[in-house]
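*Asks:* Provided herewith: upload_9.pdb, PDB, C-alpha atoms and all ligand atoms.
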```pdb
ATOM      1  CA  MET M   1     -45.267 -38.773  -9.841
ATOM      2  CA  LEU M   2     -42.072 -39.757 -11.611
ATOM      3  CA  ALA M   3     -41.392 -37.035 -14.154
ATOM      4  CA  TYR M   4     -37.624 -36.870 -13.695
ATOM      5  CA  GLN M   5     -35.423 -38.549 -16.269
ATOM      6  CA  HIS M   6     -31.711 -38.372 -15.708
ATOM      7  CA  ALA M   7     -30.983 -38.535 -19.460
ATOM      8  CA  TYR M   8     -31.752 -34.782 -19.655
ATOM      9  CA  HIS M   9     -28.869 -34.078 -17.268
ATOM     10  CA  ALA M  10     -26.427 -36.914 -17.998
ATOM     11  CA  GLY M  11     -22.763 -35.997 -17.725
ATOM     12  CA  ASN M  12     -23.366 -32.606 -16.105
ATOM     13  CA  PHE M  13     -20.972 -31.214 -13.470
ATOM     14  CA  ALA M  14     -22.969 -32.839 -10.661
ATOM     15  CA  ASP M  15     -22.607 -36.272 -12.294
ATOM     16  CA  VAL M  16     -18.863 -35.734 -12.601
ATOM     17  CA  HIS M  17     -18.611 -34.742  -8.927
ATOM     18  CA  LYS M  18     -20.803 -37.664  -7.784
ATOM     19  CA  HIS M  19     -19.187 -40.367  -9.912
ATOM     20  CA  LEU M  20     -15.634 -39.230  -9.172
ATOM     21  CA  THR M  21     -16.463 -39.414  -5.451
ATOM     22  CA  LEU M  22     -18.057 -42.839  -5.965
ATOM     23  CA  HIS M  23     -14.992 -44.047  -7.878
ATOM     24  CA  ILE M  24     -12.563 -42.943  -5.184
ATOM     25  CA  ALA M  25     -14.685 -44.417  -2.391
ATOM     26  CA  THR M  26     -15.006 -47.815  -4.117
ATOM     27  CA  GLN M  27     -11.314 -47.980  -5.034
ATOM     28  CA  LEU M  28     -10.392 -47.324  -1.407
ATOM     29  CA  LEU M  29     -12.827 -50.028  -0.264
ATOM     30  CA  LEU M  30     -11.268 -52.509  -2.696
ATOM     31  CA  ARG M  31      -7.959 -52.270  -0.827
ATOM     32  CA  LYS M  32      -9.379 -54.831   1.609
ATOM     33  CA  GLU M  33     -10.411 -58.346   0.614
ATOM     34  CA  SER M  34     -13.586 -58.638   2.663
ATOM     35  CA  ALA M  35     -16.820 -58.783   0.669
ATOM     36  CA  ILE M  36     -18.969 -55.717   0.029
ATOM     37  CA  THR M  37     -22.689 -55.379  -0.637
ATOM     38  CA  TYR M  38     -23.319 -52.295  -2.748
ATOM     39  CA  VAL M  39     -26.776 -50.767  -2.959
ATOM     40  CA  ASP M  40     -27.757 -48.060  -5.445
ATOM     41  CA  THR M  41     -31.175 -46.904  -4.223
ATOM     42  CA  HIS M  42     -31.899 -44.621  -7.223
ATOM     43  CA  ALA M  43     -30.083 -46.251 -10.121
ATOM     44  CA  GLY M  44     -31.428 -44.487 -13.216
ATOM     45  CA  ARG M  45     -30.788 -45.998 -16.677
ATOM     46  CA  GLY M  46     -27.196 -47.016 -16.132
ATOM     47  CA  SER M  47     -25.890 -45.637 -19.416
ATOM     48  CA  TYR M  48     -26.535 -42.422 -21.347
ATOM     49  CA  PRO M  49     -25.646 -42.063 -25.040
ATOM     50  CA  LEU M  50     -24.833 -38.362 -25.460
ATOM     51  CA  ALA M  51     -26.566 -38.325 -28.840
ATOM     52  CA  ALA M  52     -29.911 -39.332 -27.273
ATOM     53  CA  GLN M  53     -32.750 -36.910 -27.924
ATOM     54  CA  GLU M  54     -33.237 -36.137 -24.212
ATOM     55  CA  THR M  55     -29.526 -35.481 -23.580
ATOM     56  CA  ARG M  56     -29.210 -33.299 -26.696
ATOM     57  CA  LYS M  57     -32.037 -31.094 -25.497
ATOM     58  CA  LEU M  58     -30.084 -29.410 -22.657
ATOM     59  CA  MET M  59     -26.568 -30.674 -23.486
ATOM     60  CA  GLU M  60     -25.531 -30.218 -19.862
ATOM     61  CA  TYR M  61     -22.564 -32.510 -20.487
ATOM     62  CA  ARG M  62     -20.961 -29.696 -22.497
ATOM     63  CA  SER M  63     -20.208 -27.810 -19.301
ATOM     64  CA  GLY M  64     -19.683 -31.002 -17.284
ATOM     65  CA  ILE M  65     -17.774 -34.005 -18.536
ATOM     66  CA  LEU M  66     -16.808 -32.597 -21.957
ATOM     67  CA  PRO M  67     -14.132 -30.057 -20.852
ATOM     68  CA  VAL M  68     -12.720 -32.668 -18.461
ATOM     69  CA  TRP M  69     -12.604 -35.292 -21.210
ATOM     70  CA  LEU M  70     -10.902 -32.845 -23.587
ATOM     71  CA  ALA M  71      -8.168 -32.221 -21.003
ATOM     72  CA  ARG M  72      -7.498 -35.926 -20.487
ATOM     73  CA  SER M  73      -4.263 -36.268 -22.480
ATOM     74  CA  ALA M  74      -2.611 -33.525 -20.388
ATOM     75  CA  LEU M  75      -4.083 -35.059 -17.242
ATOM     76  CA  SER M  76      -2.933 -38.576 -18.149
ATOM     77  CA  GLU M  77       0.697 -37.485 -17.718
ATOM     78  CA  GLN M  78      -0.018 -37.137 -14.018
ATOM     79  CA  ASP M  79      -0.804 -40.055 -11.765
ATOM     80  CA  THR M  80      -3.955 -38.656 -10.185
ATOM     81  CA  TRP M  81      -7.346 -39.906  -9.087
ATOM     82  CA  LEU M  82      -8.910 -37.821 -11.855
ATOM     83  CA  SER M  83      -6.807 -39.388 -14.602
ATOM     84  CA  GLU M  84      -7.559 -42.868 -13.230
ATOM     85  CA  TRP M  85     -11.287 -42.042 -13.283
ATOM     86  CA  LEU M  86     -11.004 -40.738 -16.863
ATOM     87  CA  GLY M  87      -9.267 -43.989 -17.814
ATOM     88  CA  ARG M  88     -12.331 -45.885 -16.608
ATOM     89  CA  LEU M  89     -14.600 -43.506 -18.489
ATOM     90  CA  ALA M  90     -12.553 -44.158 -21.651
ATOM     91  CA  SER M  91     -13.058 -47.911 -21.181
ATOM     92  CA  ALA M  92     -16.850 -47.343 -21.331
ATOM     93  CA  GLN M  93     -16.622 -45.787 -24.824
ATOM     94  CA  PRO M  94     -17.320 -47.954 -27.879
ATOM     95  CA  GLU M  95     -14.952 -45.757 -29.954
ATOM     96  CA  ALA M  96     -12.112 -43.355 -29.134
ATOM     97  CA  ASP M  97     -14.448 -40.347 -28.781
ATOM     98  CA  LEU M  98     -16.724 -39.584 -25.863
ATOM     99  CA  SER M  99     -20.180 -40.823 -26.889
ATOM    100  CA  VAL M 100     -21.621 -42.465 -23.770
ATOM    101  CA  TYR M 101     -21.755 -41.264 -20.195
ATOM    102  CA  PRO M 102     -22.081 -44.172 -17.733
ATOM    103  CA  GLY M 103     -24.340 -43.828 -14.685
ATOM    104  CA  SER M 104     -23.780 -45.002 -11.132
ATOM    105  CA  PRO M 105     -24.799 -48.664 -11.867
ATOM    106  CA  TRP M 106     -21.910 -48.915 -14.339
ATOM    107  CA  TRP M 107     -19.352 -47.384 -11.957
ATOM    108  CA  LEU M 108     -20.455 -49.865  -9.286
ATOM    109  CA  ALA M 109     -20.913 -52.947 -11.492
ATOM    110  CA  THR M 110     -17.438 -52.565 -13.017
ATOM    111  CA  SER M 111     -15.904 -52.472  -9.516
ATOM    112  CA  LEU M 112     -17.394 -55.797  -8.417
ATOM    113  CA  ARG M 113     -15.163 -58.709  -7.426
ATOM    114  CA  LYS M 114     -16.422 -62.268  -7.152
ATOM    115  CA  GLN M 115     -17.108 -61.865  -3.423
ATOM    116  CA  ASP M 116     -19.140 -58.632  -3.842
ATOM    117  CA  ARG M 117     -22.847 -58.049  -4.519
ATOM    118  CA  LEU M 118     -24.788 -55.184  -6.091
ATOM    119  CA  SER M 119     -28.475 -54.293  -5.791
ATOM    120  CA  LEU M 120     -29.849 -51.674  -8.180
ATOM    121  CA  PHE M 121     -33.249 -50.141  -7.432
ATOM    122  CA  GLU M 122     -35.180 -48.087  -9.961
ATOM    123  CA  LEU M 123     -38.831 -47.104  -9.586
ATOM    124  CA  HIS M 124     -39.612 -45.646 -13.016
ATOM    125  CA  PRO M 125     -40.753 -48.500 -15.307
ATOM    126  CA  GLY M 126     -39.165 -47.053 -18.469
ATOM    127  CA  GLU M 127     -35.869 -46.245 -16.737
ATOM    128  CA  HIS M 128     -35.860 -49.701 -15.179
ATOM    129  CA  ARG M 129     -36.309 -51.346 -18.604
ATOM    130  CA  HIS M 130     -33.281 -49.434 -19.913
ATOM    131  CA  LEU M 131     -31.320 -50.417 -16.824
ATOM    132  CA  GLU M 132     -32.052 -54.112 -17.302
ATOM    133  CA  ASP M 133     -30.846 -53.853 -20.903
ATOM    134  CA  GLN M 134     -27.641 -52.062 -19.847
ATOM    135  CA  THR M 135     -26.240 -53.829 -16.801
ATOM    136  CA  HIS M 136     -25.399 -57.531 -17.032
ATOM    137  CA  ALA M 137     -22.645 -57.936 -14.456
ATOM    138  CA  ALA M 138     -22.588 -61.119 -12.377
ATOM    139  CA  ASN M 139     -23.712 -60.763  -8.749
ATOM    140  CA  THR M 140     -26.035 -57.918  -9.744
ATOM    141  CA  ARG M 141     -29.709 -57.759  -8.864
ATOM    142  CA  HIS M 142     -32.108 -55.328 -10.581
ATOM    143  CA  VAL M 143     -35.195 -54.378  -8.663
ATOM    144  CA  HIS M 144     -38.082 -52.481 -10.189
ATOM    145  CA  GLY M 145     -39.284 -50.745  -7.053
ATOM    146  CA  ASP M 146     -38.697 -48.224  -4.297
ATOM    147  CA  GLY M 147     -35.035 -48.152  -3.282
ATOM    148  CA  MET M 148     -35.736 -46.502   0.077
ATOM    149  CA  SER M 149     -37.915 -49.296   1.446
ATOM    150  CA  GLY M 150     -35.908 -51.867  -0.536
ATOM    151  CA  LEU M 151     -32.709 -50.904   1.285
ATOM    152  CA  ARG M 152     -34.460 -51.003   4.663
ATOM    153  CA  ARG M 153     -35.651 -54.546   3.947
ATOM    154  CA  MET M 154     -32.124 -55.681   3.032
ATOM    155  CA  LEU M 155     -30.632 -54.824   6.442
ATOM    156  CA  PRO M 156     -28.582 -56.322   7.933
ATOM    157  CA  VAL M 157     -26.662 -57.690   4.935
ATOM    158  CA  ALA M 158     -24.714 -60.948   4.918
ATOM    159  CA  THR M 159     -21.369 -59.471   3.792
ATOM    160  CA  PRO M 160     -18.949 -57.859   6.282
ATOM    161  CA  ARG M 161     -19.209 -54.486   4.487
ATOM    162  CA  LEU M 162     -22.051 -52.409   3.038
ATOM    163  CA  ALA M 163     -21.727 -49.378   0.764
ATOM    164  CA  VAL M 164     -24.812 -47.418  -0.290
ATOM    165  CA  LEU M 165     -25.386 -44.650  -2.822
ATOM    166  CA  ILE M 166     -28.524 -42.548  -2.263
ATOM    167  CA  ASP M 167     -29.086 -40.297  -5.266
ATOM    168  CA  PRO M 168     -32.701 -39.107  -5.555
ATOM    169  CA  SER M 169     -33.901 -36.428  -7.930
ATOM    170  CA  TYR M 170     -35.346 -34.314  -5.046
ATOM    171  CA  GLU M 171     -38.402 -33.516  -7.177
ATOM    172  CA  ARG M 172     -40.462 -33.581  -3.979
ATOM    173  CA  LYS M 173     -39.261 -31.436  -1.086
ATOM    174  CA  GLU M 174     -40.120 -34.284   1.343
ATOM    175  CA  GLU M 175     -37.249 -36.261  -0.156
ATOM    176  CA  TYR M 176     -34.697 -34.338   1.961
ATOM    177  CA  GLN M 177     -36.405 -35.596   5.107
ATOM    178  CA  GLU M 178     -36.844 -39.108   3.674
ATOM    179  CA  VAL M 179     -33.140 -39.287   2.870
ATOM    180  CA  ALA M 180     -32.197 -38.165   6.394
ATOM    181  CA  ASP M 181     -34.534 -40.807   7.875
ATOM    182  CA  LEU M 182     -33.039 -43.485   5.639
ATOM    183  CA  VAL M 183     -29.429 -42.609   6.537
ATOM    184  CA  ALA M 184     -30.334 -42.663  10.248
ATOM    185  CA  PHE M 185     -32.037 -46.054   9.827
ATOM    186  CA  VAL M 186     -29.029 -47.535   7.995
ATOM    187  CA  ALA M 187     -26.639 -46.159  10.626
ATOM    188  CA  GLN M 188     -28.702 -47.828  13.331
ATOM    189  CA  LYS M 189     -29.000 -51.234  11.585
ATOM    190  CA  ALA M 190     -25.504 -51.368  10.079
ATOM    191  CA  ARG M 191     -23.246 -49.173  12.187
ATOM    192  CA  HIS M 192     -20.221 -49.394   9.877
ATOM    193  CA  ALA M 193     -22.118 -48.889   6.607
ATOM    194  CA  ILE M 194     -20.554 -46.453   4.168
ATOM    195  CA  VAL M 195     -23.348 -44.222   2.898
ATOM    196  CA  LEU M 196     -22.889 -41.702   0.108
ATOM    197  CA  VAL M 197     -25.658 -39.148  -0.375
ATOM    198  CA  TRP M 198     -25.866 -36.751  -3.286
ATOM    199  CA  TYR M 199     -27.792 -33.481  -2.875
ATOM    200  CA  PRO M 200     -28.295 -30.381  -5.020
ATOM    201  CA  LEU M 201     -27.364 -26.875  -3.930
ATOM    202  CA  LEU M 202     -30.407 -24.793  -4.804
ATOM    203  CA  PRO M 203     -31.273 -21.187  -3.877
ATOM    204  CA  ALA M 204     -33.996 -22.507  -1.511
ATOM    205  CA  GLY M 205     -31.218 -24.135   0.554
ATOM    206  CA  ARG M 206     -33.252 -27.273   1.395
ATOM    207  CA  HIS M 207     -30.093 -29.311   1.912
ATOM    208  CA  HIS M 208     -29.792 -27.552   5.304
ATOM    209  CA  GLN M 209     -32.959 -29.402   6.332
ATOM    210  CA  LEU M 210     -31.264 -32.692   5.409
ATOM    211  CA  LEU M 211     -28.254 -31.870   7.591
ATOM    212  CA  GLU M 212     -30.355 -30.616  10.499
ATOM    213  CA  SER M 213     -32.500 -33.715  10.443
ATOM    214  CA  LEU M 214     -29.414 -35.947  10.380
ATOM    215  CA  ARG M 215     -28.066 -34.093  13.395
ATOM    216  CA  ASP M 216     -31.423 -34.407  15.207
ATOM    217  CA  GLN M 217     -31.394 -38.156  14.562
ATOM    218  CA  GLY M 218     -27.963 -38.597  16.107
ATOM    219  CA  ILE M 219     -25.716 -38.495  13.026
ATOM    220  CA  LYS M 220     -22.940 -36.260  14.268
ATOM    221  CA  LYS M 221     -20.145 -36.558  11.750
ATOM    222  CA  LEU M 222     -20.064 -36.830   7.956
ATOM    223  CA  TRP M 223     -17.537 -36.045   5.262
ATOM    224  CA  ARG M 224     -18.930 -33.260   3.086
ATOM    225  CA  SER M 225     -17.811 -32.181  -0.365
ATOM    226  CA  GLU M 226     -19.473 -29.311  -2.259
ATOM    227  CA  LEU M 227     -18.738 -28.185  -5.791
ATOM    228  CA  LYS M 228     -20.166 -24.744  -6.573
ATOM    229  CA  ARG M 229     -20.470 -23.059  -9.934
ATOM    230  CA  GLY M 230     -21.710 -19.723  -8.732
ATOM    231  CA  GLN M 231     -23.584 -18.183  -5.846
ATOM    232  CA  PRO M 232     -27.190 -18.905  -4.793
ATOM    233  CA  GLN M 233     -28.323 -15.330  -5.404
ATOM    234  CA  GLU M 234     -27.044 -15.484  -9.009
ATOM    235  CA  SER M 235     -28.983 -18.608  -9.819
ATOM    236  CA  HIS M 236     -32.550 -19.793 -10.317
ATOM    237  CA  GLY M 237     -31.512 -23.397 -10.642
ATOM    238  CA  MET M 238     -28.874 -25.715  -9.264
ATOM    239  CA  TYR M 239     -25.713 -23.748  -8.478
ATOM    240  CA  GLY M 240     -23.817 -26.607  -6.914
ATOM    241  CA  SER M 241     -23.529 -30.296  -6.129
ATOM    242  CA  GLY M 242     -23.009 -31.839  -2.708
ATOM    243  CA  MET M 243     -21.900 -35.209  -1.444
ATOM    244  CA  LEU M 244     -22.139 -36.457   2.125
ATOM    245  CA  VAL M 245     -20.296 -39.586   3.182
ATOM    246  CA  LEU M 246     -21.065 -41.435   6.370
ATOM    247  CA  ASN M 247     -18.121 -43.559   7.579
ATOM    248  CA  PRO M 248     -15.849 -42.537   4.669
ATOM    249  CA  PRO M 249     -13.206 -45.116   3.772
ATOM    250  CA  TRP M 250      -9.799 -44.205   5.147
ATOM    251  CA  GLY M 251      -8.078 -41.636   2.898
ATOM    252  CA  LEU M 252     -11.232 -40.457   1.102
ATOM    253  CA  GLY M 253     -11.007 -36.844   2.251
ATOM    254  CA  GLU M 254      -7.416 -36.420   1.132
ATOM    255  CA  ALA M 255      -7.959 -38.251  -2.175
ATOM    256  CA  LEU M 256     -11.097 -36.321  -3.042
ATOM    257  CA  THR M 257      -9.482 -32.993  -2.197
ATOM    258  CA  GLU M 258      -6.590 -33.847  -4.532
ATOM    259  CA  ALA M 259      -8.974 -34.968  -7.314
ATOM    260  CA  MET M 260     -11.119 -31.841  -6.979
ATOM    261  CA  GLN M 261      -8.044 -29.606  -7.157
ATOM    262  CA  HIS M 262      -7.467 -30.978 -10.668
ATOM    263  CA  LEU M 263     -11.136 -31.070 -11.644
ATOM    264  CA  THR M 264     -12.485 -27.709 -10.446
ATOM    265  CA  PRO M 265     -10.466 -25.377 -12.762
ATOM    266  CA  LEU M 266     -11.624 -27.419 -15.768
ATOM    267  CA  LEU M 267     -15.243 -26.555 -14.963
ATOM    268  CA  GLY M 268     -14.810 -22.802 -15.359
ATOM    269  CA  SER M 269     -13.422 -19.887 -13.409
ATOM    270  CA  ALA M 270     -16.555 -19.506 -11.234
ATOM    271  CA  SER M 271     -16.196 -23.069  -9.922
ATOM    272  CA  GLU M 272     -14.996 -23.748  -6.418
ATOM    273  CA  HIS M 273     -14.790 -26.768  -4.168
ATOM    274  CA  PHE M 274     -14.753 -27.108  -0.470
ATOM    275  CA  SER M 275     -14.792 -30.118   1.793
ATOM    276  CA  ASP M 276     -14.802 -30.652   5.517
ATOM    277  CA  TRP M 277     -15.954 -32.868   8.318
ATOM    278  CA  TRP M 278     -19.508 -31.741   8.898
ATOM    279  CA  VAL M 279     -20.141 -31.942  12.633
ATOM    280  CA  GLY M 280     -23.739 -31.650  13.799
ATOM    281  CA  GLU M 281     -23.885 -29.838  17.107
TER     282      GLU M 281
HETATM  283  N1  LIG W   1     -27.891 -42.638  -9.610
HETATM  284  C1  LIG W   1     -28.035 -42.368 -11.029
HETATM  285  C2  LIG W   1     -26.679 -42.069 -11.612
HETATM  286  O1  LIG W   1     -25.821 -41.498 -10.906
HETATM  287  O2  LIG W   1     -26.428 -42.432 -12.769
HETATM  288  C3  LIG W   1     -28.985 -41.235 -11.305
HETATM  289  C4  LIG W   1     -30.291 -41.345 -10.564
HETATM  290  S1  LIG W   1     -31.452 -40.080 -10.918
HETATM  291  C5  LIG W   1     -30.791 -38.689 -10.120
HETATM  292  C6  LIG W   1     -32.769 -40.551  -9.842
HETATM  293  C7  LIG W   1     -33.499 -41.799 -10.301
HETATM  294  O3  LIG W   1     -34.266 -42.296  -9.204
HETATM  295  C8  LIG W   1     -34.499 -41.587 -11.445
HETATM  296  O4  LIG W   1     -34.215 -42.509 -12.459
HETATM  297  C9  LIG W   1     -35.868 -41.896 -10.815
HETATM  298  O5  LIG W   1     -36.748 -42.534 -11.713
HETATM  299  C10 LIG W   1     -35.488 -42.827  -9.695
HETATM  300  N2  LIG W   1     -36.395 -42.870  -8.524
HETATM  301  C11 LIG W   1     -37.188 -41.893  -8.006
HETATM  302  N3  LIG W   1     -37.742 -42.289  -6.845
HETATM  303  C12 LIG W   1     -37.266 -43.545  -6.608
HETATM  304  C13 LIG W   1     -37.430 -44.483  -5.544
HETATM  305  N4  LIG W   1     -38.205 -44.199  -4.485
HETATM  306  N5  LIG W   1     -36.790 -45.670  -5.628
HETATM  307  C14 LIG W   1     -36.005 -45.972  -6.701
HETATM  308  N6  LIG W   1     -35.805 -45.128  -7.736
HETATM  309  C15 LIG W   1     -36.417 -43.924  -7.686
END
```
I need this file expressed as structure tokens, please.
Ligand code: SAM
*Replies:*
Amino acid sequence: MLAYQHAYHAGNFADVHKHLTLHIATQLLLRKESAITYVDTHAGRGSYPLAAQETRKLMEYRSGILPVWLARSALSEQDTWLSEWLGRLASAQPEADLSVYPGSPWWLATSLRKQDRLSLFELHPGEHRHLEDQTHAANTRHVHGDGMSGLRRMLPVATPRLAVLIDPSYERKEEYQEVADLVAFVAQKARHAIVLVWYPLLPAGRHHQLLESLRDQGIKKLWRSELKRGQPQESHGMYGSGMLVLNPPWGLGEALTEAMQHLTPLLGSASEHFSDWWVGE
């Protein structure tokens, strides 16, 4: 069953959190010359026009990227990770206004150097068709198929470095366990791989299962960043967005903390961010 379509949620606060983290991680990786294989296991469409029927239905971007975008001229006076990220977002717009929100394939494809590679996996046939129309960067491979098994088959990779984004929709509760198994597999096959995992904060608290399973499979230390927009008891739906990073590039924690200090107040007074080294004991 593949009912989820990211277009309904494009540009929401979780996208902003995820793509800002992805931006900072890739920029830090680019400080070294050695080649990187990037893998996006759940790529989505790659690009989301905000005027699309699906996106207009919930308009989640209005409480996500929109207030951040509207603050960009004030932010651009400061030399921050957030203003750099907004500069990239501006470069994705056909006109001066915000009309398109780019997905993870765009953030990755526009970071590629000639020595790097990118594999984009998308299982949904319609989403995959959109993705093929959207992303034309050199060194990029589009795969219509399961990104979980696809990534497993790719290991080990030929380049000295590997960076993976795992961003499922968590429509099935088994996906928390599947993600934990995949991270453990990657860590075993490619010890230095940088793995970024997005997860939702929901009242059911299933992300705890993901962390416990990682711990049980020998993953003892991850960088964790959580952006909350309320408390679980106040919410029926997603009240926050989480990112886990295995083997974070040097400086990620500090950079992300700085970026989130600028971002969080723009997302409303109930928003808060915390980050730490998660240690599984
Ligand atoms: N990573 C995208 C971004 O940040 O722009 C958003 C991805 S969206 C949350 C999840 C996507 O994964 C959906 O497009 C869905 O069709 C796709 N999907 C679900 N199961 C998959 C699987 N096993 N392998 C690859 N893609 C899958």
*Asks:* Do you know which residues are within 7 Å of ligand LIG 1 (chain W) using all atoms listed in the file? Can you write them as an mmCIF file with C-alpha atoms, keeping the file's coordinate frame?
*Replies:*
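What landed in out.cif:
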```
data_model
loop_
_atom_site.group_PDB
_atom_site.id
_atom_site.type_symbol
_atom_site.label_atom_id
_atom_site.label_comp_id
_atom_site.auth_asym_id
_atom_site.auth_seq_id
_atom_site.Cartn_x
_atom_site.Cartn_y
_atom_site.Cartn_z
ATOM 1 C CA LEU M 2 -42.072 -39.757 -11.611
ATOM 2 C CA TYR M 4 -37.624 -36.870 -13.695
ATOM 3 C CA GLN M 5 -35.423 -38.549 -16.269
ATOM 4 C CA HIS M 6 -31.711 -38.372 -15.708
ATOM 5 C CA ASP M 15 -22.607 -36.272 -12.294
ATOM 6 C CA HIS M 19 -19.187 -40.367 -9.912
ATOM 7 C CA ASP M 40 -27.757 -48.060 -5.445
ATOM 8 C CA THR M 41 -31.175 -46.904 -4.223
ATOM 9 C CA HIS M 42 -31.899 -44.621 -7.223
ATOM 10 C CA ALA M 43 -30.083 -46.251 -10.121
ATOM 11 C CA GLY M 44 -31.428 -44.487 -13.216
ATOM 12 C CA ARG M 45 -30.788 -45.998 -16.677
ATOM 13 C CA GLY M 46 -27.196 -47.016 -16.132
ATOM 14 C CA PRO M 102 -22.081 -44.172 -17.733
ATOM 15 C CA GLY M 103 -24.340 -43.828 -14.685
ATOM 16 C CA SER M 104 -23.780 -45.002 -11.132
ATOM 17 C CA PRO M 105 -24.799 -48.664 -11.867
ATOM 18 C CA PHE M 121 -33.249 -50.141 -7.432
ATOM 19 C CA GLU M 122 -35.180 -48.087 -9.961
ATOM 20 C CA LEU M 123 -38.831 -47.104 -9.586
ATOM 21 C CA HIS M 124 -39.612 -45.646 -13.016
ATOM 22 C CA GLU M 127 -35.869 -46.245 -16.737
ATOM 23 C CA GLY M 145 -39.284 -50.745 -7.053
ATOM 24 C CA ASP M 146 -38.697 -48.224 -4.297
ATOM 25 C CA GLY M 147 -35.035 -48.152 -3.282
ATOM 26 C CA MET M 148 -35.736 -46.502 0.077
ATOM 27 C CA ASP M 167 -29.086 -40.297 -5.266
ATOM 28 C CA PRO M 168 -32.701 -39.107 -5.555
ATOM 29 C CA SER M 169 -33.901 -36.428 -7.930
#
```
*Asks:* May I ask which of the residues M:Tyr61, M:Tyr38, M:Trp81, M:Trp198 is the closest one to M:Trp223, counting all atoms listed in the file?
*Replies:*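 Looking at the shortest contact to M:Trp223, the residue is M:Trp198.
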*Asks:* Please evaluate the PyMOL selection byres (((chain M and resi 142) around 6) and not hetatm) against the displayed coordinates and give the resulting residues as a short mmCIF file (atom, residue, chain, number, x, y, z; two decimals) with C-alpha atoms, in the frame of the given file.
*Replies:*
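As a result, part_20.cif now contains:
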```cif
data_model
loop_
_atom_site.label_atom_id
_atom_site.label_comp_id
_atom_site.auth_asym_id
_atom_site.auth_seq_id
_atom_site.Cartn_x
_atom_site.Cartn_y
_atom_site.Cartn_z
CA LEU M 120 -29.85 -51.67 -8.18
CA ARG M 141 -29.71 -57.76 -8.86
CA VAL M 143 -35.20 -54.38 -8.66
#
```
*Asks:* Between atom CA of M:Ala71 and atom CA of M:Leu58, what distance in Å does the model show, to one decimal?
*Replies:*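 Straight-line distance from atom CA of M:Ala71 to atom CA of M:Leu58 works out to 22.2 Å.
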*Asks:* Distance cut-off 10 Å, centre (-9.2, -22.6, -5.0) in file coordinates, counting only C-alpha atoms: which residues qualify? Return them as a ChimeraX atom specification.
*Replies:* /M:260-261,264-265,269,271-274
*Asks:* Tell me, as a VMD selection string, which residues lie within 8 Å of M:His262, counting only C-alpha atoms; anything in the same chain fewer than 4 positions away does not count.
*Replies:* chain M and resid 82 258 266
*Asks:* Quick one: distance from atom CA of M:Val279 to atom CA of M:Ala204 in Å, one decimal?
*Replies:* 21.9 Å
*Asks:* Could you please give me, as a VMD selection string, the residues of protein, DNA or RNA lying at most 8 Å from (-21.1, -44.6, 6.9) in the coordinate frame of the file, considering all atoms listed in the file?
*Replies:* chain M and resid 163 187 191 to 196 222 245 to 248
*Asks:* Output the selection as a PDB file, in the coordinates of the input - C-alpha atoms for each residue.
*Replies:*
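Final output, out08.pdb:
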```
ATOM      1  CA  ALA M 163     -21.727 -49.378   0.764  1.00  0.00           C
ATOM      2  CA  ALA M 187     -26.639 -46.159  10.626  1.00  0.00           C
ATOM      3  CA  ARG M 191     -23.246 -49.173  12.187  1.00  0.00           C
ATOM      4  CA  HIS M 192     -20.221 -49.394   9.877  1.00  0.00           C
ATOM      5  CA  ALA M 193     -22.118 -48.889   6.607  1.00  0.00           C
ATOM      6  CA  ILE M 194     -20.554 -46.453   4.168  1.00  0.00           C
ATOM      7  CA  VAL M 195     -23.348 -44.222   2.898  1.00  0.00           C
ATOM      8  CA  LEU M 196     -22.889 -41.702   0.108  1.00  0.00           C
ATOM      9  CA  LEU M 222     -20.064 -36.830   7.956  1.00  0.00           C
ATOM     10  CA  VAL M 245     -20.296 -39.586   3.182  1.00  0.00           C
ATOM     11  CA  LEU M 246     -21.065 -41.435   6.370  1.00  0.00           C
ATOM     12  CA  ASN M 247     -18.121 -43.559   7.579  1.00  0.00           C
ATOM     13  CA  PRO M 248     -15.849 -42.537   4.669  1.00  0.00           C
TER      14      PRO M 248
END
```
*Asks:* Report the residues retrieved by the PyMOL selection byres (((chain M and resi 90) around 12) and not hetatm) from the displayed file, expressed as a tab-separated table (two decimals) with C-alpha atoms, in the frame of the given file.
*Replies:*
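Okay, this is what ended up in selection.tsv:
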```
chain	number	residue	atom	x	y	z
M	65	ILE	CA	-17.77	-34.01	-18.54
M	68	VAL	CA	-12.72	-32.67	-18.46
M	69	TRP	CA	-12.60	-35.29	-21.21
M	70	LEU	CA	-10.90	-32.84	-23.59
M	72	ARG	CA	-7.50	-35.93	-20.49
M	73	SER	CA	-4.26	-36.27	-22.48
M	76	SER	CA	-2.93	-38.58	-18.15
M	83	SER	CA	-6.81	-39.39	-14.60
M	84	GLU	CA	-7.56	-42.87	-13.23
M	85	TRP	CA	-11.29	-42.04	-13.28
M	86	LEU	CA	-11.00	-40.74	-16.86
M	87	GLY	CA	-9.27	-43.99	-17.81
M	88	ARG	CA	-12.33	-45.88	-16.61
M	89	LEU	CA	-14.60	-43.51	-18.49
M	91	SER	CA	-13.06	-47.91	-21.18
M	92	ALA	CA	-16.85	-47.34	-21.33
M	93	GLN	CA	-16.62	-45.79	-24.82
M	94	PRO	CA	-17.32	-47.95	-27.88
M	95	GLU	CA	-14.95	-45.76	-29.95
M	96	ALA	CA	-12.11	-43.36	-29.13
M	97	ASP	CA	-14.45	-40.35	-28.78
M	98	LEU	CA	-16.72	-39.58	-25.86
M	99	SER	CA	-20.18	-40.82	-26.89
M	100	VAL	CA	-21.62	-42.46	-23.77
M	101	TYR	CA	-21.76	-41.26	-20.20
M	102	PRO	CA	-22.08	-44.17	-17.73
```
*Asks:* Take atom CA of M:Ser275 and atom CA of M:Arg224 and report the distance between them in Å, one decimal.
*Replies:*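 Computing it gives 5.4 Å between the two atoms.
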